[in-house]
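S.K.: What follows is target-v6.cif; its format and atoms are mmCIF, C-alpha atoms.
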```
data_my_file
loop_
_atom_site.label_atom_id
_atom_site.label_comp_id
_atom_site.auth_asym_id
_atom_site.auth_seq_id
_atom_site.Cartn_x
_atom_site.Cartn_y
_atom_site.Cartn_z
CA MET A 77 -35.86 70.36 -127.80
CA LYS A 78 -36.67 68.64 -124.49
CA LYS A 79 -34.00 68.52 -121.80
CA ILE A 80 -33.13 65.33 -119.92
CA SER A 81 -30.71 65.29 -117.00
CA ILE A 82 -29.00 62.06 -116.03
CA ILE A 83 -28.10 61.87 -112.33
CA VAL A 84 -25.19 59.60 -111.40
CA PRO A 85 -24.21 59.27 -107.70
CA VAL A 86 -20.54 58.34 -107.38
CA TYR A 87 -18.58 57.18 -104.33
CA ASN A 88 -15.02 55.78 -104.51
CA GLU A 89 -15.42 54.59 -108.09
CA GLU A 90 -12.01 55.44 -109.53
CA ALA A 91 -11.71 51.91 -110.94
CA VAL A 92 -14.96 52.05 -112.91
CA ILE A 93 -16.28 55.57 -113.49
CA GLU A 94 -14.13 56.43 -116.54
CA LYS A 95 -14.95 53.13 -118.20
CA PHE A 96 -18.66 53.52 -117.42
CA LEU A 97 -18.85 57.01 -118.88
CA ASN A 98 -16.69 56.38 -121.96
CA GLN A 99 -17.95 52.92 -122.84
CA GLN A 100 -21.58 52.95 -121.74
CA LEU A 101 -23.33 56.17 -120.79
CA ILE A 102 -21.86 58.81 -123.13
CA PRO A 103 -21.98 56.63 -126.29
CA GLU A 104 -25.61 55.73 -125.61
CA ILE A 105 -26.86 59.29 -125.16
CA ASN A 106 -24.82 60.51 -128.13
CA LYS A 107 -26.92 58.18 -130.28
CA ILE A 108 -30.06 60.07 -129.23
CA THR A 109 -30.07 63.39 -131.08
CA THR A 110 -33.69 64.41 -130.48
CA TYR A 111 -33.11 65.45 -126.85
CA GLN A 112 -30.69 67.75 -125.06
CA PHE A 113 -28.85 65.72 -122.44
CA SER A 114 -26.82 66.74 -119.42
CA ILE A 115 -25.00 64.42 -117.04
CA VAL A 116 -24.93 65.44 -113.38
CA LEU A 117 -22.28 63.49 -111.46
CA ILE A 118 -22.65 63.65 -107.67
CA ASN A 119 -19.32 62.98 -105.96
CA ASP A 120 -20.46 61.71 -102.57
CA GLY A 121 -17.28 62.56 -100.65
CA SER A 122 -15.05 60.05 -102.44
CA LYS A 123 -11.69 59.43 -100.76
CA ASP A 124 -9.88 58.10 -103.82
CA LYS A 125 -9.16 59.78 -107.19
CA THR A 126 -12.80 59.77 -108.30
CA LEU A 127 -13.22 63.56 -108.11
CA GLU A 128 -10.04 64.14 -110.11
CA ILE A 129 -11.35 61.85 -112.87
CA LEU A 130 -14.77 63.53 -112.88
CA GLN A 131 -13.25 66.99 -113.20
CA LYS A 132 -11.32 65.88 -116.29
CA PHE A 133 -14.61 64.98 -117.96
CA THR A 134 -16.06 68.44 -117.27
CA THR A 135 -13.19 70.10 -119.18
CA LYS A 136 -13.77 67.87 -122.21
CA ASP A 137 -17.56 67.81 -122.32
CA LYS A 138 -19.77 70.79 -121.44
CA LYS A 139 -22.85 68.64 -120.88
CA ILE A 140 -21.14 66.98 -117.90
CA LYS A 141 -21.57 68.70 -114.52
CA VAL A 142 -20.05 67.73 -111.17
CA ILE A 143 -21.47 68.36 -107.70
CA SER A 144 -18.96 67.41 -105.01
CA PHE A 145 -19.97 66.89 -101.37
CA SER A 146 -17.67 67.92 -98.51
CA ARG A 147 -17.97 64.38 -97.11
CA ASN A 148 -19.91 61.17 -97.66
CA PHE A 149 -23.60 61.88 -97.08
CA GLY A 150 -24.98 58.71 -98.72
CA LYS A 151 -26.58 57.78 -102.00
CA GLU A 152 -30.07 58.96 -101.04
CA VAL A 153 -28.81 62.47 -100.31
CA ALA A 154 -26.77 62.45 -103.54
CA LEU A 155 -29.90 61.64 -105.54
CA ALA A 156 -31.80 64.41 -103.75
CA ALA A 157 -29.06 66.91 -104.58
CA GLY A 158 -29.09 65.81 -108.23
CA MET A 159 -32.84 66.22 -108.55
CA ASN A 160 -32.72 69.62 -106.93
CA TYR A 161 -30.00 70.73 -109.35
CA ALA A 162 -31.81 69.27 -112.39
CA LYS A 163 -35.24 70.71 -111.53
CA SER A 164 -35.37 72.73 -114.78
CA ALA A 165 -35.08 69.61 -116.96
CA ASP A 166 -38.15 68.06 -118.58
CA ALA A 167 -37.20 64.68 -117.15
CA VAL A 168 -34.54 63.17 -114.92
CA ILE A 169 -32.93 59.74 -115.21
CA MET A 170 -31.17 58.19 -112.21
CA ILE A 171 -28.55 55.51 -112.83
CA ASP A 172 -25.70 53.91 -110.87
CA SER A 173 -22.11 54.35 -111.98
CA ASP A 174 -20.94 50.73 -111.74
CA GLY A 175 -22.38 49.46 -115.04
CA GLN A 176 -24.91 47.11 -113.44
CA GLN A 177 -27.81 49.19 -114.76
CA PRO A 178 -27.58 49.25 -118.59
CA PRO A 179 -27.71 52.74 -120.20
CA LYS A 180 -28.80 51.07 -123.45
CA LEU A 181 -32.31 50.97 -121.95
CA ILE A 182 -32.55 54.77 -121.82
CA PRO A 183 -34.39 54.96 -125.19
CA LYS A 184 -37.02 52.56 -123.83
CA PHE A 185 -37.44 54.70 -120.72
CA ILE A 186 -37.91 57.79 -122.87
CA ALA A 187 -40.41 56.01 -125.14
CA LYS A 188 -42.65 55.10 -122.18
CA TRP A 189 -42.32 58.65 -120.87
CA GLU A 190 -43.37 60.11 -124.21
CA LYS A 191 -46.44 57.84 -124.14
CA GLY A 192 -47.59 59.41 -120.89
CA ALA A 193 -45.77 57.68 -118.05
CA GLU A 194 -44.54 60.14 -115.45
CA ILE A 195 -42.37 57.59 -113.65
CA VAL A 196 -40.59 54.76 -115.47
CA THR A 197 -38.95 52.29 -113.09
CA GLY A 198 -36.25 49.77 -113.85
CA VAL A 199 -37.16 46.41 -112.29
CA ARG A 200 -34.62 43.63 -111.86
CA SER A 201 -35.89 40.52 -113.60
CA ARG A 202 -32.90 38.50 -112.38
CA PHE A 203 -29.31 38.83 -111.20
CA THR A 204 -26.26 37.70 -113.12
CA LYS A 205 -24.07 36.91 -110.11
CA HIS A 206 -25.88 36.99 -106.79
CA GLY A 207 -26.00 34.20 -104.26
CA LEU A 208 -28.96 32.62 -102.54
CA ILE A 209 -28.63 34.94 -99.53
CA GLN A 210 -28.88 38.13 -101.63
CA ARG A 211 -31.80 36.83 -103.69
CA THR A 212 -33.68 35.56 -100.64
CA GLY A 213 -32.95 38.75 -98.70
CA SER A 214 -34.32 40.85 -101.57
CA LYS A 215 -37.54 38.81 -101.72
CA VAL A 216 -38.03 38.99 -97.94
CA PHE A 217 -37.42 42.75 -97.95
CA TYR A 218 -40.04 43.49 -100.61
CA TRP A 219 -42.49 41.07 -98.97
CA LEU A 220 -42.13 42.89 -95.64
CA LEU A 221 -42.27 46.34 -97.25
CA ASN A 222 -45.51 45.53 -99.07
CA ARG A 223 -47.07 43.97 -95.96
CA LEU A 224 -46.04 46.77 -93.61
CA GLY A 225 -45.85 49.77 -95.94
CA ASP A 226 -48.57 52.18 -96.95
CA THR A 227 -47.82 51.97 -100.69
CA ASP A 228 -47.36 49.02 -103.04
CA THR A 229 -43.77 48.55 -104.19
CA VAL A 230 -42.96 46.37 -107.20
CA PRO A 231 -40.53 43.61 -106.10
CA GLY A 232 -37.12 44.17 -107.63
CA SER A 233 -37.72 47.87 -108.32
CA THR A 234 -34.57 49.99 -108.25
CA ASP A 235 -33.40 53.60 -108.35
CA PHE A 236 -32.80 53.20 -112.09
CA ARG A 237 -35.70 55.47 -113.10
CA LEU A 238 -36.91 58.18 -115.39
CA ILE A 239 -38.95 60.84 -113.59
CA ASP A 240 -41.00 63.58 -115.20
CA LYS A 241 -40.42 67.19 -114.11
CA VAL A 242 -43.79 67.32 -112.31
CA VAL A 243 -42.68 64.43 -110.10
CA VAL A 244 -39.27 66.02 -109.54
CA ALA A 245 -40.98 69.24 -108.43
CA GLU A 246 -43.11 67.37 -105.87
CA TYR A 247 -40.13 65.32 -104.68
CA ASN A 248 -38.10 68.48 -104.10
CA LYS A 249 -40.83 69.73 -101.74
CA LEU A 250 -40.22 66.84 -99.34
CA THR A 251 -38.14 67.90 -96.34
CA GLU A 252 -37.41 64.71 -94.41
CA HIS A 253 -33.75 63.84 -93.90
CA ASN A 254 -33.80 60.05 -93.58
CA ARG A 255 -35.22 59.41 -97.03
CA ILE A 256 -35.47 56.36 -99.26
CA THR A 257 -35.71 57.69 -102.80
CA ARG A 258 -37.55 54.82 -104.45
CA GLY A 259 -40.07 54.61 -101.60
CA LEU A 260 -40.80 58.33 -101.66
CA ILE A 261 -41.22 58.36 -105.44
CA ASP A 262 -43.69 55.47 -105.17
CA TRP A 263 -45.50 57.36 -102.38
CA LEU A 264 -45.91 60.41 -104.64
CA GLY A 265 -48.10 58.42 -107.00
CA PHE A 266 -48.53 59.58 -110.63
CA ARG A 267 -48.68 57.28 -113.64
CA GLN A 268 -46.00 54.61 -113.42
CA GLU A 269 -44.60 52.08 -115.88
CA GLN A 270 -41.91 49.42 -115.43
CA ILE A 271 -39.10 48.10 -117.59
CA GLU A 272 -37.48 44.81 -116.64
CA TYR A 273 -33.74 44.37 -117.00
CA VAL A 274 -31.01 41.94 -115.99
CA TYR A 275 -28.94 43.30 -113.12
CA GLY A 276 -25.43 42.96 -114.52
CA GLU A 277 -21.95 42.66 -113.08
CA ARG A 278 -19.80 45.57 -112.01
CA MET A 279 -17.46 46.75 -114.73
CA ALA A 280 -14.62 47.02 -112.21
CA GLY A 281 -13.88 47.68 -108.55
CA GLU A 282 -15.73 46.62 -105.45
CA PRO A 283 -19.26 47.63 -104.41
CA SER A 284 -19.49 50.29 -101.71
CA TYR A 285 -22.71 48.76 -100.38
CA ASN A 286 -21.79 45.97 -97.97
CA LEU A 287 -24.16 43.74 -96.01
CA LYS A 288 -24.26 46.18 -93.08
CA LYS A 289 -25.30 49.08 -95.32
CA LEU A 290 -27.90 46.95 -97.11
CA ILE A 291 -29.47 45.92 -93.79
CA LYS A 292 -29.52 49.57 -92.68
CA LEU A 293 -31.13 50.54 -96.01
CA ALA A 294 -33.82 47.90 -95.51
CA ILE A 295 -34.54 49.07 -91.95
CA ASP A 296 -34.61 52.74 -92.98
CA SER A 297 -36.95 51.89 -95.86
CA ILE A 298 -39.50 50.26 -93.56
CA VAL A 299 -39.19 52.87 -90.80
CA SER A 300 -39.51 55.84 -93.17
CA MET A 301 -42.46 54.42 -95.11
CA THR A 302 -44.67 53.04 -92.34
CA THR A 303 -45.36 53.16 -88.60
CA ARG A 304 -46.97 49.73 -88.47
CA PRO A 305 -43.98 47.99 -86.81
CA LEU A 306 -44.71 50.17 -83.77
CA LEU A 307 -48.10 48.50 -83.43
CA ILE A 308 -47.16 44.85 -83.96
CA LEU A 309 -46.01 44.19 -80.37
CA GLY A 310 -49.09 46.00 -79.11
CA PHE A 311 -51.37 43.58 -80.92
CA PHE A 312 -49.31 40.72 -79.51
CA GLY A 313 -49.87 42.23 -76.06
CA ILE A 314 -53.64 42.28 -76.65
CA PHE A 315 -53.45 38.61 -77.64
CA LEU A 316 -51.59 37.78 -74.41
CA ILE A 317 -54.12 39.70 -72.31
CA ILE A 318 -57.06 37.84 -73.86
CA ILE A 319 -55.46 34.39 -73.47
CA THR A 320 -54.28 34.92 -69.89
CA SER A 321 -57.59 36.52 -68.87
CA LEU A 322 -59.43 33.44 -70.15
CA LEU A 323 -57.00 31.18 -68.31
CA LEU A 324 -57.43 33.13 -65.07
CA LEU A 325 -61.23 32.97 -65.40
CA PHE A 326 -61.01 29.25 -66.05
CA TRP A 327 -58.80 28.81 -62.97
CA LEU A 328 -61.22 30.88 -60.85
CA PHE A 329 -64.22 28.74 -61.77
CA GLU A 330 -62.49 25.36 -62.00
CA GLN A 331 -60.18 25.61 -58.99
CA VAL A 332 -61.81 28.06 -56.57
CA LEU A 333 -65.56 27.89 -57.16
CA PHE A 334 -65.93 24.21 -58.11
CA ASN A 335 -63.00 22.81 -56.10
CA ASP A 336 -61.00 21.39 -59.02
CA PRO A 337 -63.46 18.84 -60.51
CA LEU A 338 -61.01 18.13 -63.39
CA SER A 339 -58.17 17.39 -60.94
CA LEU A 340 -55.81 19.77 -62.68
CA ASN A 341 -54.03 20.59 -59.41
CA TRP A 342 -53.04 24.13 -60.32
CA ASP A 343 -50.09 25.18 -58.16
CA GLY A 344 -49.00 28.66 -57.21
CA LEU A 345 -46.17 28.72 -59.76
CA THR A 346 -48.60 28.14 -62.63
CA ILE A 347 -50.88 30.95 -61.47
CA LEU A 348 -47.86 33.23 -61.03
CA GLY A 349 -46.71 32.45 -64.61
CA ILE A 350 -50.15 33.24 -66.03
CA PHE A 351 -50.40 36.47 -64.04
CA THR A 352 -46.87 37.52 -65.09
CA THR A 353 -47.76 36.91 -68.73
CA PHE A 354 -50.91 38.99 -68.23
CA LEU A 355 -48.79 41.87 -66.90
CA ALA A 356 -46.41 41.53 -69.87
CA GLY A 357 -49.41 41.87 -72.17
CA MET A 358 -50.48 45.01 -70.31
CA ILE A 359 -47.00 46.49 -70.74
CA LEU A 360 -47.05 45.73 -74.48
CA LEU A 361 -50.52 47.29 -74.74
CA SER A 362 -49.31 50.45 -73.00
CA GLN A 363 -46.39 50.56 -75.43
CA MET A 364 -48.87 50.30 -78.29
CA ILE A 365 -50.75 53.33 -76.97
CA MET A 366 -47.47 55.24 -76.80
CA ALA A 367 -46.64 54.03 -80.31
CA LEU A 368 -49.86 55.52 -81.63
CA TYR A 369 -48.81 58.93 -80.37
CA ILE A 370 -45.26 58.43 -81.66
CA SER A 371 -46.63 57.49 -85.09
CA HIS A 372 -48.50 60.80 -85.22
CA VAL A 373 -45.34 62.68 -84.24
CA HIS A 374 -43.43 60.71 -86.90
CA SER A 375 -46.00 61.65 -89.51
CA GLU A 376 -45.97 65.34 -88.57
CA THR A 377 -42.17 65.63 -88.52
CA GLN A 378 -41.95 64.14 -92.02
CA ASN A 379 -43.86 67.21 -93.17
CA ARG A 380 -45.21 65.51 -96.29
CA PRO A 381 -48.03 67.25 -98.18
CA LEU A 382 -51.60 66.21 -97.39
CA TYR A 383 -52.26 65.61 -101.08
CA ILE A 384 -50.63 65.98 -104.48
CA ILE A 385 -52.48 67.29 -107.52
CA ASP A 386 -51.86 65.72 -110.91
CA GLU A 387 -52.13 68.90 -112.96
CA LYS A 388 -52.06 67.05 -116.29
CA ASN A 389 -55.33 65.34 -115.48
CA SER A 390 -57.02 68.22 -113.64
CA ARG A 391 -59.39 70.48 -115.54
CA ASN A 392 -60.94 73.95 -115.19
CA LEU A 393 -59.09 74.82 -112.00
#
```
The structure in this file should be written as structure tokens.
M.R.:
Amino acid sequence: MKKISIIVPVYNEEAVIEKFLNQQLIPEINKITTYQFSIVLINDGSKDKTLEILQKFTTKDKKIKVISFSRNFGKEVALAAGMNYAKSADAVIMIDSDGQQPPKLIPKFIAKWEKGAEIVTGVRSRFTKHGLIQRTGSKVFYWLLNRLGDTDTVPGSTDFRLIDKVVVAEYNKLTEHNRITRGLIDWLGFRQEQIEYVYGERMAGEPSYNLKKLIKLAIDSIVSMTTRPLLILGFFGIFLIIITSLLLLFWLFEQVLFNDPLSLNWDGLTILGIFTTFLAGMILLSQMIMALYISHVHSETQNRPLYIIDEKNSRNL
């Protein structure tokens, strides 16, 4: 019988975690008798009674395991710890503990996995209760990530995923600390499928992710997945150098050599402004050169593998 581990990061969820487990997750997996399930709950340094509630579940149900951090390390680290713990499972499913990602879709995830998909990603088709700012911010984030990033990310993709053991093994080899789980999983490649779902409302309590944390997540996602932002100002500097060089050449011929036949009456302040802009372009260009070296250092310190072999599709090795 195949083993599937369900990873649930939990942080200050005393108002919702018991309801989520009893009313959603446990009943859904109990319906599936053809697989051996375990639930790995990662207590990410909760300061309320979350850990106490989780420990009660472990005494009642042997398939429920709890990993408790000494402090809050963040959701990305919690997911990494869960995947490292569940590395012996045939597949891993990641899901949030607030009820916004429906466990009833787990059979559909498994069905796509059994048909050959090594990564099955939950994609938000729409929100139930999110304002214009959240929806617009999400669209802008994925637009920027796909324009600046080195891999294509499906807009609306989430951490609600099923991951085959071969992908988990490769993910566990990654050593970088500032990691974005969904971005790294997309970077790994392998055969991917998507399942759309409606992002629901929280069952209870307040979300731990505020606007500040969401902005930080977006910035970390872009920084960890690409070095292109380092080069953008450099290209702008090249543009400034070209424009100001042309203007200075035009001034030299029109004003100095031909004695201002167009009567433009260039004064010293105008020439000073053009020359200052030229110097600004040179500074931006020098920063671009530095950025190229920094990008190589960034790539080396991430210590990602040069390539990843898909052993299922490799032959006669």
S.K.: Nearest to Lys191 in chain A: which of A:Thr109, A:Gln100, A:Gln268, A:Asn160 is it, counting only C-alpha atoms?
M.R.: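 Among the listed residues, A:Gln268 lies closest to Lys191 in chain A.
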S.K.: Determine the nearest neighbour of Arg304 in chain A from the options A:Leu316, A:Leu348, A:Leu368, A:Trp263, counting all atoms listed in the file.
M.R.: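 Of the candidates, the smallest distance to Arg304 in chain A is held by A:Leu368.
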S.K.: Output the residue selection produced by the PyMOL selection byres ((chain A and resi 117) around 6) on the file above, formatted as a PyMOL selection string.
M.R.: chain A and resi 84-85+116+118+142
S.K.: Select, from A:Gly310, A:Gly349, A:Gly198, A:Gly192, the residue with the minimum atom-to-atom distance to Asp172 in chain A, counting only C-alpha atoms.
M.R.: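 Going through A:Gly310, A:Gly349, A:Gly198, A:Gly192 one by one, the smallest distance to Asp172 in chain A is for A:Gly198.
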S.K.: Measure the distance from CA of Glu104 in chain A to CA of Ile182 in chain A in Å and round it to one decimal.
M.R.: 8.0 Å
S.K.: What do you get, as number ranges by chain, if you spell out every residue that the PyMOL selection byres ((chain A and resi 153-157) around 9) selects here?
M.R.: A: 83-86, 118-120, 143, 145, 149-152, 158-162, 170, 247-248, 253-255, 257
S.K.: Convert the current residue selection to file output with C-alpha atoms, as an mmCIF file, keeping the file's coordinate frame.
M.R.:
```cif
data_model
loop_
_atom_site.group_PDB
_atom_site.id
_atom_site.type_symbol
_atom_site.label_atom_id
_atom_site.label_comp_id
_atom_site.auth_asym_id
_atom_site.auth_seq_id
_atom_site.Cartn_x
_atom_site.Cartn_y
_atom_site.Cartn_z
ATOM 1 C CA ILE A 83 -28.100 61.870 -112.330
ATOM 2 C CA VAL A 84 -25.190 59.600 -111.400
ATOM 3 C CA PRO A 85 -24.210 59.270 -107.700
ATOM 4 C CA VAL A 86 -20.540 58.340 -107.380
ATOM 5 C CA ILE A 118 -22.650 63.650 -107.670
ATOM 6 C CA ASN A 119 -19.320 62.980 -105.960
ATOM 7 C CA ASP A 120 -20.460 61.710 -102.570
ATOM 8 C CA ILE A 143 -21.470 68.360 -107.700
ATOM 9 C CA PHE A 145 -19.970 66.890 -101.370
ATOM 10 C CA PHE A 149 -23.600 61.880 -97.080
ATOM 11 C CA GLY A 150 -24.980 58.710 -98.720
ATOM 12 C CA LYS A 151 -26.580 57.780 -102.000
ATOM 13 C CA GLU A 152 -30.070 58.960 -101.040
ATOM 14 C CA GLY A 158 -29.090 65.810 -108.230
ATOM 15 C CA MET A 159 -32.840 66.220 -108.550
ATOM 16 C CA ASN A 160 -32.720 69.620 -106.930
ATOM 17 C CA TYR A 161 -30.000 70.730 -109.350
ATOM 18 C CA ALA A 162 -31.810 69.270 -112.390
ATOM 19 C CA MET A 170 -31.170 58.190 -112.210
ATOM 20 C CA TYR A 247 -40.130 65.320 -104.680
ATOM 21 C CA ASN A 248 -38.100 68.480 -104.100
ATOM 22 C CA HIS A 253 -33.750 63.840 -93.900
ATOM 23 C CA ASN A 254 -33.800 60.050 -93.580
ATOM 24 C CA ARG A 255 -35.220 59.410 -97.030
ATOM 25 C CA THR A 257 -35.710 57.690 -102.800
#
```
S.K.: Closest to Ser164 in chain A among A:Ser81, A:Ser362, A:Asn88, A:Ser201, using all atoms listed in the file?
M.R.: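 Result for the nearest residue to Ser164 in chain A: A:Ser81.
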S.K.: Can you list, as number ranges by chain, the residues that the PyMOL selection byres ((chain A and resi 188) around 12) selects here?
M.R.: A: 181-187, 189-198, 237-240, 267-271
S.K.: In Å, how far is it from CA of Lys79 in chain A to CA of Val243 in chain A?
M.R.: 15.1 Å
